[in-house]
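J.: Take this structure first; my questions come after.
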Amino acid sequence: MTTVAGTPGVGHTHHDDRPFIRKYIFSTDHKIIGIQFLFVSLFFLLVGGLLAMQIRWQLGFPNQPMPGGKLLPETMAPDGVILPEYYIQLVTMHGTFMVFFAIMPLLVGVYANFLIPLKLGAHDMAFPRINMASFWAALLAGLVMLSSLFVPEGAARAGWTMYAPLSARPDLSGAGLGQQLWCVAIILLGLSSILGSLNYITTVINMRAPGMTWFRMPLSIWALFITAILGLLALPVLSGAAIMLLFDQTIGTHFFDPAAGGQALLWQHLFWFFGHPEVYILILPAMGMVSDMIANGSRKPIFGYHSMVFAIIGIAFLGWIVWGHHMFVSGMNPTLGSTFMVTTMIIAVPSAIKTFNWLGTMWRGNLRFHVPMMHAVGFVAMFVIGGLSGIFMAATPVDMHIHDTYFIVAHIHYVLFGGSLFALFGAITFWYPKMFGRLMHEGWGKVHFWLTMLFYNLTFFPMHILGMAGHMRRIYDPTMYDFLKPYQPLNHFISISAFLLFAVQAIFALNFIISLFRGAKASMNPWQDNGLEWTLPNPAPHGNWAEVPRVYRGPYEYSHPDTTEDFLPQSQKLPGDPEPAAASAAGH
Amino acid sequence: MKWWLPAPASTFAGPIDGMFTAILIITGLAFVLVESGLIWFVFKYRGRPGQKGYYTHGNTRAEYIWTAVPAVVCVGLAIVSNHYWKQIKGRDSVPPDAYPIKVHAKQFEWLFTYPGPDGKLGTADDIVDVRNKLHVPVGRPVVLQEEAEDVIHSVFIPVFRLRQDAVPGMNIRSWFIATVPGEYDLACSQLCGMGHYKMHAKVTVQSQADFDAWLAKAAQGDIE
């Protein structure tokens, strides 16, 4: 374990003589690993976006040659016209990359790694080498998944949910190797997540600085901690299911093949038993970081800190008993459907509590609209829409009509793009100075926020209308159907909005890249935040603190009446503050 | 283009559209409340230099209210949902006199089997494997007996608000009463492979007399 205690003076480390490859490539430093995850998952976010653009081209301009489509091989798009078998690879791999290789590692891989030790006052993770292994397993998983696009017959074709028996039978899906590579990549990713989760949980439990009691932890850390527990319990289920699926495909088992005594619905139960906790893995860290940014931007303590913590725990617990709501019309016993409907209705409550507490935090604040705050407020505004549209699908009779339509496509994008991705744009901007020592450009950040907000809503809101009309997901050519023909202008409109949405992300990409070299040098605490990470120089050195900080209060003491400044760092001692017991031996 | 649900053509459309509208009103109110609060706060509490925020950690009464109100609303919706769900999908909801039609789904077509004059499936006078044409009499309960040959498919008839997966190895019953004569679309709504998008059938709702006449012709092999 890394030990730098005893080195005098913050920022002086004896590790700077490490060779480049140990420092930046095979690093065990949690901050470097977080940054590695950031670059890799932003790359996969771009891949997922490029796949989405092709889906939108086909839906908006069915059977017309795609600009640049001639670059694709004959097996995907002869003369630039997307083939049906390529189209279902596109929808499968868009979902797969976005869920498993973009949003999940961006939230957990990047921010659990970067923030947990920094916000808790630890020198590093509990198991730095396991942490490094977790990153390399994730990268390998991503590369395997990416390679599947280039094998004969192409990538997996059964949707990101990979429903069996279609996924289990190469003769029925038309893809053999691609389906197998999907399973292999998911098994590797599962390994990465399990290793990471073990590390995060151990670090949070054991390595908090003196005075960092459970209820002085920032909500981002609470959310990442609970997320790690979900990941540790959920990913083995997915990995196990993927192994069974791989065996069905390759060595002749029949777990999911009813013709040979298997069970088709078993896959769905296993997948969603993982998949619903997974949905919360994809939103809880975003909620936590948004809480940090909203308190900072409002210059006020978070409203109802304890109920925020209990809401996170409540969501995590209920998240285990709602999976059947993906299966109301699957042929599952309808009485079981009733049970899952009730639990699903109840899980709306903790999300409502969180939303009202964010509003309560802004109420009578002294709001500062820096870019992270704008994205955090945008998150709340968009997450509300995604949360409320979920109630339509929770109502079993209504789900009969909107299940597997664009209504659910709208819903998931309001939660994962309007929710998670807005939170991530905010988080990347907020912690950028601590990662790279420079600030991202404020003006371009605001331009990016407003254009994204505009085109995002123009893209995804009309999908609710398509879903109400009954527009199915994952269909190659909606103009085949008489009842969908009148909606083609709307598909056209959505596609153009989606292209613009994609295009304006270039602003973010350029701002991110150019600021690495040309951004304004950041001060130690540019957002005047209370978190422990802001007591470190930029970028934070290996080993973080020479001397472990002491924590005197909770993380949201903004506008405290006893101070002239409107913020009060967790490690700043006021007269009368008792010294914390040195119970938690951080980093040793 | 209609900015609403498709024109209704089964008895399920009443309760389902009604619930949809009710949820739209409830969530619409919540939406307006939260978003207008958000916008109001953004303008009213915008930062002024030299000022501080109001130092508070919360309010227990407010927490109770905004926990209890959503909880009551959601439980209420759950009770109403369950009431209609049991009527529509409950195992014992299928009317005993429902007219049975077998649906055999396979990549990428629908094969419908109609009972012959004896009104029973599985007998010698069945009219078997009518391809991609579902004819049903208006105003009479019909029960689809769904099975799948290869992968999971899903019967989706938007105007009926009816959806039920057809799963290999299972025989799943799904019933409805069509109310408006006409020609409609039946689509597969579960990704079932490369030809998923073209796996569709035509639904014809007609009077009992027209249906009987069509069935008699179909028995002779003429399904047009």
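Identifiers in the structure tokens: chain A, B, ... in order shown; residue index from 1 per chain; ligand index from 1 in order shown.
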Which residues come within 8 Å of A:His306, counting only C-alpha atoms, excluding same-chain residues fewer than 3 positions away, as a list in words?
T.: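 In the requested form, the answer reads Phe215, Val309 and Phe310 of chain A.
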J.: Would you kindly return, as a ChimeraX atom specification, each protein, DNA or RNA residue with an atom no farther than 10 Å from any atom of A:Ile103, considering only C-alpha atoms and excluding same-chain residues fewer than 6 positions away?
T.: /A:41-42,44-45,97,109,281-283,286,416-417,420-421,424
J.: For those residues, write N, CA and C atoms to a file as a CSV table (one decimal), in the first residue's frame.
T.:
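Saved as selection_26.csv:
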```csv
chain,number,residue,atom,x,y,z
A,41,SER,N,-13.8,5.9,-21.7
A,41,SER,CA,-15.2,5.9,-21.8
A,41,SER,C,-15.8,7.0,-22.6
A,42,LEU,N,-15.0,8.1,-22.7
A,42,LEU,CA,-15.5,9.2,-23.6
A,42,LEU,C,-15.3,8.7,-25.1
A,44,PHE,N,-15.7,5.6,-26.0
A,44,PHE,CA,-16.8,4.7,-26.3
A,44,PHE,C,-18.2,5.4,-26.3
A,45,LEU,N,-18.2,6.6,-25.6
A,45,LEU,CA,-19.4,7.4,-25.8
A,45,LEU,C,-19.5,7.9,-27.2
A,97,PHE,N,-22.8,-0.3,-25.9
A,97,PHE,CA,-21.7,0.6,-25.7
A,97,PHE,C,-22.2,1.7,-24.7
A,109,GLY,N,-16.5,4.1,-13.0
A,109,GLY,CA,-15.0,4.0,-13.2
A,109,GLY,C,-14.3,5.3,-13.0
A,281,ILE,N,-27.5,1.8,-10.9
A,281,ILE,CA,-26.1,2.0,-11.0
A,281,ILE,C,-25.8,3.2,-11.9
A,282,LEU,N,-26.7,3.3,-12.9
A,282,LEU,CA,-26.5,4.3,-14.0
A,282,LEU,C,-27.1,5.7,-13.6
A,283,ILE,N,-27.8,5.7,-12.4
A,283,ILE,CA,-28.3,7.0,-12.1
A,283,ILE,C,-27.9,7.5,-10.7
A,286,ALA,N,-25.0,9.8,-10.5
A,286,ALA,CA,-25.3,11.1,-11.0
A,286,ALA,C,-26.1,11.9,-10.0
A,416,LEU,N,-31.2,8.5,-18.9
A,416,LEU,CA,-29.8,8.2,-19.1
A,416,LEU,C,-29.0,9.4,-19.8
A,417,PHE,N,-29.7,10.1,-20.7
A,417,PHE,CA,-29.1,11.2,-21.3
A,417,PHE,C,-29.4,12.5,-20.5
A,420,SER,N,-28.3,11.1,-16.5
A,420,SER,CA,-26.9,10.8,-16.2
A,420,SER,C,-25.9,11.6,-17.0
A,421,LEU,N,-26.2,11.8,-18.3
A,421,LEU,CA,-25.2,12.5,-19.1
A,421,LEU,C,-25.1,14.0,-18.8
A,424,LEU,N,-23.0,14.2,-15.9
A,424,LEU,CA,-21.6,13.9,-16.2
A,424,LEU,C,-21.0,15.1,-16.8
```
J.: Among stretch 224-374 of chain A, which ones does DSSP place in alpha helix (DSSP H), written as a PDB file with C-alpha atoms, in the first residue's frame?
T.:
```pdb
ATOM      1  CA  LEU A 224     -21.031   5.685  -5.132  1.00  0.00           C
ATOM      2  CA  PHE A 225     -20.811   3.467  -2.040  1.00  0.00           C
ATOM      3  CA  ILE A 226     -24.374   2.163  -2.448  1.00  0.00           C
ATOM      4  CA  THR A 227     -23.771   1.809  -6.196  1.00  0.00           C
ATOM      5  CA  ALA A 228     -20.708  -0.327  -5.487  1.00  0.00           C
ATOM      6  CA  ILE A 229     -22.823  -2.621  -3.304  1.00  0.00           C
ATOM      7  CA  LEU A 230     -25.372  -2.914  -6.127  1.00  0.00           C
ATOM      8  CA  GLY A 231     -22.571  -3.636  -8.598  1.00  0.00           C
ATOM      9  CA  LEU A 232     -20.980  -6.264  -6.386  1.00  0.00           C
ATOM     10  CA  LEU A 233     -24.288  -8.120  -6.093  1.00  0.00           C
ATOM     11  CA  ALA A 234     -25.690  -7.553  -9.599  1.00  0.00           C
ATOM     12  CA  LEU A 235     -22.731  -8.056 -11.937  1.00  0.00           C
ATOM     13  CA  PRO A 236     -22.106 -11.687 -10.918  1.00  0.00           C
ATOM     14  CA  VAL A 237     -25.681 -12.445 -12.006  1.00  0.00           C
ATOM     15  CA  LEU A 238     -25.062 -10.914 -15.431  1.00  0.00           C
ATOM     16  CA  SER A 239     -21.704 -12.644 -15.755  1.00  0.00           C
ATOM     17  CA  GLY A 240     -23.272 -15.970 -14.809  1.00  0.00           C
ATOM     18  CA  ALA A 241     -26.065 -15.478 -17.328  1.00  0.00           C
ATOM     19  CA  ALA A 242     -23.546 -14.508 -20.014  1.00  0.00           C
ATOM     20  CA  ILE A 243     -21.531 -17.659 -19.292  1.00  0.00           C
ATOM     21  CA  MET A 244     -24.688 -19.772 -19.635  1.00  0.00           C
ATOM     22  CA  LEU A 245     -25.504 -17.999 -22.898  1.00  0.00           C
ATOM     23  CA  LEU A 246     -21.975 -18.551 -24.185  1.00  0.00           C
ATOM     24  CA  PHE A 247     -22.280 -22.269 -23.341  1.00  0.00           C
ATOM     25  CA  ASP A 248     -25.619 -22.440 -25.171  1.00  0.00           C
ATOM     26  CA  GLN A 249     -23.966 -20.877 -28.215  1.00  0.00           C
ATOM     27  CA  THR A 250     -20.798 -22.939 -28.210  1.00  0.00           C
ATOM     28  CA  ALA A 264     -36.752 -18.981 -22.690  1.00  0.00           C
ATOM     29  CA  LEU A 265     -37.895 -16.666 -19.894  1.00  0.00           C
ATOM     30  CA  LEU A 266     -34.996 -17.680 -17.631  1.00  0.00           C
ATOM     31  CA  TRP A 267     -32.712 -15.289 -19.527  1.00  0.00           C
ATOM     32  CA  GLN A 268     -35.102 -12.399 -19.008  1.00  0.00           C
ATOM     33  CA  HIS A 269     -35.358 -13.094 -15.278  1.00  0.00           C
ATOM     34  CA  LEU A 270     -31.577 -13.287 -14.908  1.00  0.00           C
ATOM     35  CA  PHE A 271     -30.927 -10.315 -17.152  1.00  0.00           C
ATOM     36  CA  TRP A 272     -33.418  -8.027 -15.428  1.00  0.00           C
ATOM     37  CA  PHE A 273     -32.518  -9.242 -11.953  1.00  0.00           C
ATOM     38  CA  PHE A 274     -29.170  -7.717 -12.854  1.00  0.00           C
ATOM     39  CA  GLY A 275     -30.681  -5.109 -15.145  1.00  0.00           C
ATOM     40  CA  HIS A 276     -32.861  -3.227 -12.772  1.00  0.00           C
ATOM     41  CA  PRO A 277     -30.197  -2.653 -10.123  1.00  0.00           C
ATOM     42  CA  GLU A 278     -28.051  -1.718 -13.133  1.00  0.00           C
ATOM     43  CA  VAL A 279     -30.488   1.044 -14.020  1.00  0.00           C
ATOM     44  CA  TYR A 280     -29.855   2.540 -10.594  1.00  0.00           C
ATOM     45  CA  ILE A 281     -26.100   1.999 -10.958  1.00  0.00           C
ATOM     46  CA  LEU A 284     -27.429   6.990  -8.337  1.00  0.00           C
ATOM     47  CA  PRO A 285     -23.865   8.348  -8.797  1.00  0.00           C
ATOM     48  CA  ALA A 286     -25.296  11.057 -11.037  1.00  0.00           C
ATOM     49  CA  MET A 287     -27.796  11.970  -8.315  1.00  0.00           C
ATOM     50  CA  GLY A 288     -25.004  12.084  -5.745  1.00  0.00           C
ATOM     51  CA  MET A 289     -22.745  14.342  -7.792  1.00  0.00           C
ATOM     52  CA  VAL A 290     -25.689  16.567  -8.713  1.00  0.00           C
ATOM     53  CA  SER A 291     -26.396  16.968  -4.984  1.00  0.00           C
ATOM     54  CA  ASP A 292     -22.807  18.154  -4.460  1.00  0.00           C
ATOM     55  CA  MET A 293     -22.990  20.573  -7.387  1.00  0.00           C
ATOM     56  CA  ILE A 294     -26.416  21.971  -6.454  1.00  0.00           C
ATOM     57  CA  ALA A 295     -25.373  22.641  -2.859  1.00  0.00           C
ATOM     58  CA  ASN A 296     -22.232  24.351  -4.163  1.00  0.00           C
ATOM     59  CA  GLY A 297     -24.109  26.390  -6.760  1.00  0.00           C
ATOM     60  CA  SER A 298     -26.883  27.332  -4.323  1.00  0.00           C
ATOM     61  CA  TYR A 305     -29.311  15.422   3.982  1.00  0.00           C
ATOM     62  CA  HIS A 306     -30.470  12.415   5.983  1.00  0.00           C
ATOM     63  CA  SER A 307     -33.554  11.818   3.885  1.00  0.00           C
ATOM     64  CA  MET A 308     -31.321  12.054   0.797  1.00  0.00           C
ATOM     65  CA  VAL A 309     -29.151   9.266   2.225  1.00  0.00           C
ATOM     66  CA  PHE A 310     -32.160   7.139   3.135  1.00  0.00           C
ATOM     67  CA  ALA A 311     -33.669   7.746  -0.307  1.00  0.00           C
ATOM     68  CA  ILE A 312     -30.478   6.379  -1.916  1.00  0.00           C
ATOM     69  CA  ILE A 313     -30.598   3.326   0.347  1.00  0.00           C
ATOM     70  CA  GLY A 314     -34.334   2.915  -0.287  1.00  0.00           C
ATOM     71  CA  ILE A 315     -33.897   3.057  -4.054  1.00  0.00           C
ATOM     72  CA  ALA A 316     -31.093   0.517  -3.832  1.00  0.00           C
ATOM     73  CA  PHE A 317     -33.185  -1.874  -1.754  1.00  0.00           C
ATOM     74  CA  LEU A 318     -36.365  -1.545  -3.808  1.00  0.00           C
ATOM     75  CA  PRO A 334     -49.983 -11.913 -14.341  1.00  0.00           C
ATOM     76  CA  THR A 335     -50.327 -12.097 -10.557  1.00  0.00           C
ATOM     77  CA  LEU A 336     -46.559 -11.737 -10.294  1.00  0.00           C
ATOM     78  CA  GLY A 337     -46.998  -8.761 -12.614  1.00  0.00           C
ATOM     79  CA  SER A 338     -49.263  -7.158 -10.003  1.00  0.00           C
ATOM     80  CA  THR A 339     -46.588  -7.557  -7.335  1.00  0.00           C
ATOM     81  CA  PHE A 340     -43.904  -5.972  -9.478  1.00  0.00           C
ATOM     82  CA  MET A 341     -46.312  -3.178 -10.438  1.00  0.00           C
ATOM     83  CA  VAL A 342     -46.816  -2.265  -6.762  1.00  0.00           C
ATOM     84  CA  THR A 343     -43.074  -2.245  -5.932  1.00  0.00           C
ATOM     85  CA  THR A 344     -42.429  -0.181  -9.062  1.00  0.00           C
ATOM     86  CA  MET A 345     -44.999   2.417  -8.049  1.00  0.00           C
ATOM     87  CA  ILE A 346     -43.382   2.604  -4.602  1.00  0.00           C
ATOM     88  CA  ILE A 347     -39.856   3.118  -5.962  1.00  0.00           C
ATOM     89  CA  ALA A 348     -41.081   6.398  -7.456  1.00  0.00           C
ATOM     90  CA  VAL A 349     -41.329   7.800  -3.920  1.00  0.00           C
ATOM     91  CA  PRO A 350     -37.603   8.048  -3.017  1.00  0.00           C
ATOM     92  CA  SER A 351     -36.921   9.654  -6.399  1.00  0.00           C
ATOM     93  CA  ALA A 352     -39.648  12.220  -5.681  1.00  0.00           C
ATOM     94  CA  ILE A 353     -38.092  12.904  -2.261  1.00  0.00           C
ATOM     95  CA  LYS A 354     -34.736  13.587  -3.893  1.00  0.00           C
ATOM     96  CA  THR A 355     -36.259  15.933  -6.446  1.00  0.00           C
ATOM     97  CA  PHE A 356     -38.061  17.989  -3.812  1.00  0.00           C
ATOM     98  CA  ASN A 357     -34.903  18.138  -1.716  1.00  0.00           C
ATOM     99  CA  TRP A 358     -32.946  19.540  -4.663  1.00  0.00           C
ATOM    100  CA  LEU A 359     -35.639  22.186  -5.051  1.00  0.00           C
ATOM    101  CA  GLY A 360     -35.480  22.798  -1.302  1.00  0.00           C
ATOM    102  CA  THR A 361     -31.713  23.273  -1.581  1.00  0.00           C
ATOM    103  CA  MET A 362     -32.129  25.964  -4.236  1.00  0.00           C
ATOM    104  CA  VAL A 371     -21.435  25.477 -15.894  1.00  0.00           C
ATOM    105  CA  PRO A 372     -21.624  22.546 -13.426  1.00  0.00           C
ATOM    106  CA  MET A 373     -24.611  24.177 -11.697  1.00  0.00           C
ATOM    107  CA  MET A 374     -26.368  24.665 -15.029  1.00  0.00           C
TER     108      MET A 374
END
```
J.: Quick one: residues within 10 Å of stretch 58-65 of chain A, only C-alpha atoms counted, chain neighbours fewer than 2 positions away excluded, as a PyMOL selection string?
T.: chain A and resi 53-56+67-70+77-84+87+474-479+488-496
J.: So which residues touch stretch 176-180 of chain B within 7 Å, counting only C-alpha atoms, skipping near sequence neighbours fewer than 5 positions away, as a PyMOL selection string?
T.: chain B and resi 9-11+138-143+205
J.: Considering only C-alpha atoms, state which residue in the set A:Asp529, A:Asp17, A:Asp566, A:Glu153 is at the smallest distance from chain B.
T.: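 Distance minimum relative to chain B lands on A:Asp566.
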J.: Using only C-alpha atoms for the distances, tell me which of A:Ala506, A:Leu106, A:Ala410, A:Trp136 is nearest to A:Ile25.
T.: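 Closest residue, counting only C-alpha atoms: A:Trp136.
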J.: Taking only C-alpha atoms into account, which of A:Pro539, A:Val108, A:Gly262, A:Ile186 comes nearest A:Ile221?
T.: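 Smallest separation from A:Ile221 among the options: A:Val108.
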